[in-house]
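These notes concern the structure reproduced below.
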Number of protein chains: 2
Amino acid sequence: MERTESRVGLKGVLAAVLTPMDKDLNPDHQAFAAHCQRLLAAGCHGLSVFGTTGEANSLSVDERLAALEALVESGVAPEKVLPGTGSCALTDTVRLSQAALEAGTAGALVLPPFYYKGVGDDGLFRFFAEVVERVGDDSLRLHLYHIPQMTGVDLGLPLISRLIDAYPTIVVGTKDSSGDRERIMTLCREFPDFSVLAGTETLLLETLRSGGEGCISATVNVTSRLARRVHDAHAAGKADEAEALQERLTHLRASIEAYPVIPALKQLMTRLTDDEQWRNIRPPLSGLDEKRTKDLLSNVPLAELL
Amino acid sequence: MERTESRVGLKGVLAAVLTPMDKDLNPDHQAFAAHCQRLLAAGCHGLSVFGTTGEANSLSVDERLAALEALVESGVAPEKVLPGTGSCALTDTVRLSQAALEAGTAGALVLPPFYYKGVGDDGLFRFFAEVVERVGDDSLRLHLYHIPQMTGVDLGLPLISRLIDAYPTIVVGTKDSSGDRERIMTLCREFPDFSVLAGTETLLLETLRSGGEGCISATVNVTSRLARRVHDAHAAGKADEAEALQERLTHLRASIEAYPVIPALKQLMTRLTDDEQWRNIRPPLSGLDEKRTKDLLSNVPLAELL
């Protein structure tokens with residue numbers, strides 16, 4: 001199922017990029033740009049910035065806008081960037097999505113509004129519809145971000161279908177972080193023109209084989225090299241090699257997933273870059289304590305990392 | 001248990017004030033001020049603006065700040081206002097709490113950061129501590145807003161205790177919207193110097209009798225008169241009268257609670273003010289459909305309302 005590039009945006013291996021923070025817990029723009037370049041050099045096809053892993057909802061809208069602007073100014077190609085623009089407030093999501101569009105990014109990864117629970121599909125549809133109408137630009141590309149364990153909001157298939165029907169050239173894809181393998185395969189099957197990105201590299205090969213576009217994953221901050229090799233082996237038709245690499249990748253991911261993922265990744269980056277600043281994390285998240293840090297560093301095969 | 005006024009801020013009957021919106025779904029400052037004055041005239045001791053009922057998390061920070069400024073400029077006494085300043089982002093909560101303080105309000109009603117789930121008490125403590133330290137003013141008064149059915153975050157008693165111990169003159173109270181009667185009574189008993197406000201007027205009399213301060217409730221937007229009579233009968237030591245009035249109030253609340261509360265309240269305000277604009281509601285919330293509106297208007301004893 002071939003799709004035009006303009007329609008689907010990014011595909012392949014995308015990192016849900018961490019946001020490095022200075023001692024006052026402000027985003028460090030320079031370290032952020034350096035990390036983005038590191039990820040691209042390690043094989044990432046794209047950069048999903050300002051998502052759950054990037055602590056985006058712990059940042060103000062102005063902080064997100066300033067960080068995006070600085071990133072593009074630093075020389076990272078905007079067409080490789082897929083910024084998260086989700087928030088609880090319609091006006092914030094509109095402003096962030098507008099800015100993503102103006103910066104020339106690959107699109108916007110948009111959460112459903114997540115404060116109210118049980119609002120029903122009509123309210124959720126109306127939210128996304130208002131975002132589309134208020135941005136008011138046919139070149140907008142939205143990816144629906146499904147992560148019910150954080151949002152408490154279900155983006156059900158009937159809602160996705162309704163949004164695709166209403167805005168077929170704008171609602172172009174989804175990042176599915178539900179961890180629900182069956183759902184991801186169903187999305188690939190039932191929405192063949194829709195870009196499906198799994199929220200974990202554990203499902204990378206299976207998603208690609210099912211017609212999905214790839215993955216956007218937190219752990220790809222440190223597993224890009226190996227994830228890219230899985231992708232490339234699959235693309236080259238080397239099924240056995242792809243499977244063997246996927247198995248290694250799955251093990252690598254599992255060794256990190258045993259810990260709170262965002263703090264663990266910031267700890268791994270501290271080790272990989274020898275820069276203590278990487279430990280900084282905004283509340284309500286907390287860094288790993290000394291014991292868990294020691295465990296992590298002895299259990300994760302560091303040589304396999306980025 | 002007498003407490004100094006400066007310590008506890010508002011007590012009695014507080015409305016969780018609705019936010020009227022214009023046809024473009026922007027807060028209507030004039031209608032908002034008029035509604036606030038209506039509630040005070042009907043007997044409310046105070047106004048809890050920009051909470052769940054006020055669709056605050058559907059508004060941007062700038063929209064909340066502009067609405068607060070307009071409200072104070074309109075002549076509503078800021079010391080009767082308790083603005084919600086909660087958000088997912090530390091920097092937003094700091095900015096909103098700072099503005100509440102500068103406007104001379106009774107304090108700030110602050111949600112825990114609600115995007116991440118299962119972050120643990122250390123992360124939540126650090127969030128609130130950072131808010132206190134960053135605002136950096138001893139006259140700050142925080143009320144912890146517990147509404148786990150929306151936030152998915154538990155403000156447990158050990159965390160509350162730890163916050164009171166760390167900031168005894170700043171962390172002065174809580175609004176408890178859990179609907180958990182036992183928890184509210186336990187809070188009144190175990191934290192006698194802490195201001196406990198139940199999130200429903202159904203528990204108004206019981207909370208007052210247990211040493212709590214009163215209630216902050218959505219339905220008080222239309223039940224202020226009756227709620228105030230319960231409060232006053234209790235204050236005058238008229239136990240039987242207070243109980244009879246509480247029973248009427250509980251029935252009145254129940255007749256509204258049978259519907260999605262915020263849309264139902266906006267519908268009731270439409271009826272009470274004869275102003276169709278009251279129907280407007282920001283997505284992801286939706287207005288009541290025609291059938292439910294008809295049901296609501298025939299089941300709620302309109303003559304009992306504000």
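In the structure tokens, each chain is lettered A, B, ... as it comes, each chain's residues begin at 1, and ligands are numbered from 1 in order of appearance.
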
If you count only C-alpha atoms, which residues fall within 7 Å of Thr200 (chain A), apart from same-chain ones fewer than 6 positions away, as a list in words?
Ser177, Cys215, Ile216 and Ser217 of chain A

Limited to C-alpha atoms, could you put the picked residues into a file as a PDB file, in the first residue's frame?
ATOM      1  CA  SER A 177       0.834   3.788  22.826  1.00  0.00           C
ATOM      2  CA  CYS A 215       7.154   3.271  15.626  1.00  0.00           C
ATOM      3  CA  ILE A 216       7.492   6.299  17.845  1.00  0.00           C
ATOM      4  CA  SER A 217       9.054   5.199  21.081  1.00  0.00           C
TER       5      SER A 217
END

What residues in chain A have any atom no more than 7 Å from chain B when counting only C-alpha atoms, and can you write them as an MDAnalysis selection string?
chainID A and resid 57:60 88:92 113 115:117 119 123:124 126:127 150:151 283:286

Taking 5 positions as the minimum chain separation for residues in the same chain, which residues sit within 12 Å of Lys294 (chain A) when counting only C-alpha atoms? Answer as a ChimeraX atom specification.
/A:259,264,267-268,271,288-289,299-300

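Put simply, CA of Leu111 (chain A) is 11.3 Å away from CA of Pro83 (chain A).
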
Contact residues around Leu157 (chain B) with only C-alpha atoms at 12 Å, ignoring same-chain residues under 3 positions, as a list of chain:residue names:
B:Asp121, B:Leu144, B:His146, B:Asp154, B:Ile160, B:Ser161, B:Arg162, B:Leu163, B:Ile164, B:Thr174, B:Asp176, B:Arg183, B:Ile184, B:Thr186, B:Leu187, B:Cys188, B:Arg189, B:Glu190, B:Phe191

Figure out the distance between CA of Ala67 (chain A) and CA of Gly84 (chain A), please, to one decimal in Å.
12.0 Å

Picked from region 59-218 of chain A by DSSP as strand (DSSP E or B), as a PyMOL selection string
chain A and resi 81+84+108-110+142-146+171-176+195-198+214-217

Need to verify the contact set: Val72 (chain A), 10 Å, only C-alpha atoms, exclusion of same-chain residues closer than 6 positions in sequence. Can you return it as a PyMOL selection string?
chain A and resi 33+78-79+81+103-105

Expected file: the selected residues, N, CA, C and O atoms, as a PDB file, in the first residue's frame:
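The new file selection14.pdb reads:
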ATOM      1  N   ALA A  33      18.924  20.337  20.989  1.00  0.00           N
ATOM      2  CA  ALA A  33      19.320  20.265  19.577  1.00  0.00           C
ATOM      3  C   ALA A  33      20.415  19.215  19.386  1.00  0.00           C
ATOM      4  O   ALA A  33      20.382  18.438  18.421  1.00  0.00           O
ATOM      5  N   PRO A  78      13.087  20.799   9.905  1.00  0.00           N
ATOM      6  CA  PRO A  78      11.741  20.730  10.488  1.00  0.00           C
ATOM      7  C   PRO A  78      10.899  19.588   9.929  1.00  0.00           C
ATOM      8  O   PRO A  78      10.046  19.049  10.626  1.00  0.00           O
ATOM      9  N   GLU A  79      11.166  19.210   8.669  1.00  0.00           N
ATOM     10  CA  GLU A  79      10.347  18.141   8.083  1.00  0.00           C
ATOM     11  C   GLU A  79      10.624  16.775   8.721  1.00  0.00           C
ATOM     12  O   GLU A  79       9.894  15.826   8.464  1.00  0.00           O
ATOM     13  N   VAL A  81      10.653  16.600  12.011  1.00  0.00           N
ATOM     14  CA  VAL A  81      10.163  16.810  13.383  1.00  0.00           C
ATOM     15  C   VAL A  81       8.639  16.704  13.413  1.00  0.00           C
ATOM     16  O   VAL A  81       7.949  17.284  12.575  1.00  0.00           O
ATOM     17  N   ALA A 103       6.232  26.291  11.344  1.00  0.00           N
ATOM     18  CA  ALA A 103       7.652  25.934  11.423  1.00  0.00           C
ATOM     19  C   ALA A 103       8.047  24.949  10.327  1.00  0.00           C
ATOM     20  O   ALA A 103       9.222  24.629  10.169  1.00  0.00           O
ATOM     21  N   GLY A 104       7.061  24.457   9.587  1.00  0.00           N
ATOM     22  CA  GLY A 104       7.361  23.526   8.501  1.00  0.00           C
ATOM     23  C   GLY A 104       7.615  22.095   8.958  1.00  0.00           C
ATOM     24  O   GLY A 104       8.270  21.316   8.274  1.00  0.00           O
ATOM     25  N   THR A 105       7.061  21.730  10.103  1.00  0.00           N
ATOM     26  CA  THR A 105       7.263  20.361  10.605  1.00  0.00           C
ATOM     27  C   THR A 105       6.438  19.354   9.795  1.00  0.00           C
ATOM     28  O   THR A 105       5.593  19.737   8.981  1.00  0.00           O
TER      29      THR A 105
END

If you count only C-alpha atoms, which residues fall within 9 Å of Arg225 (chain B), apart from same-chain ones fewer than 2 positions away, as an NGL selection string?
:B and (39 or 41-44 or 220 or 222-223 or 227-230 or 304-306)

Shell of 7 Å around region 239-253 of chain B, only C-alpha atoms, local chain residues under 2 positions omitted, as a ChimeraX atom specification
/B:202,205,219,226-227,230,233-234,237,255-257
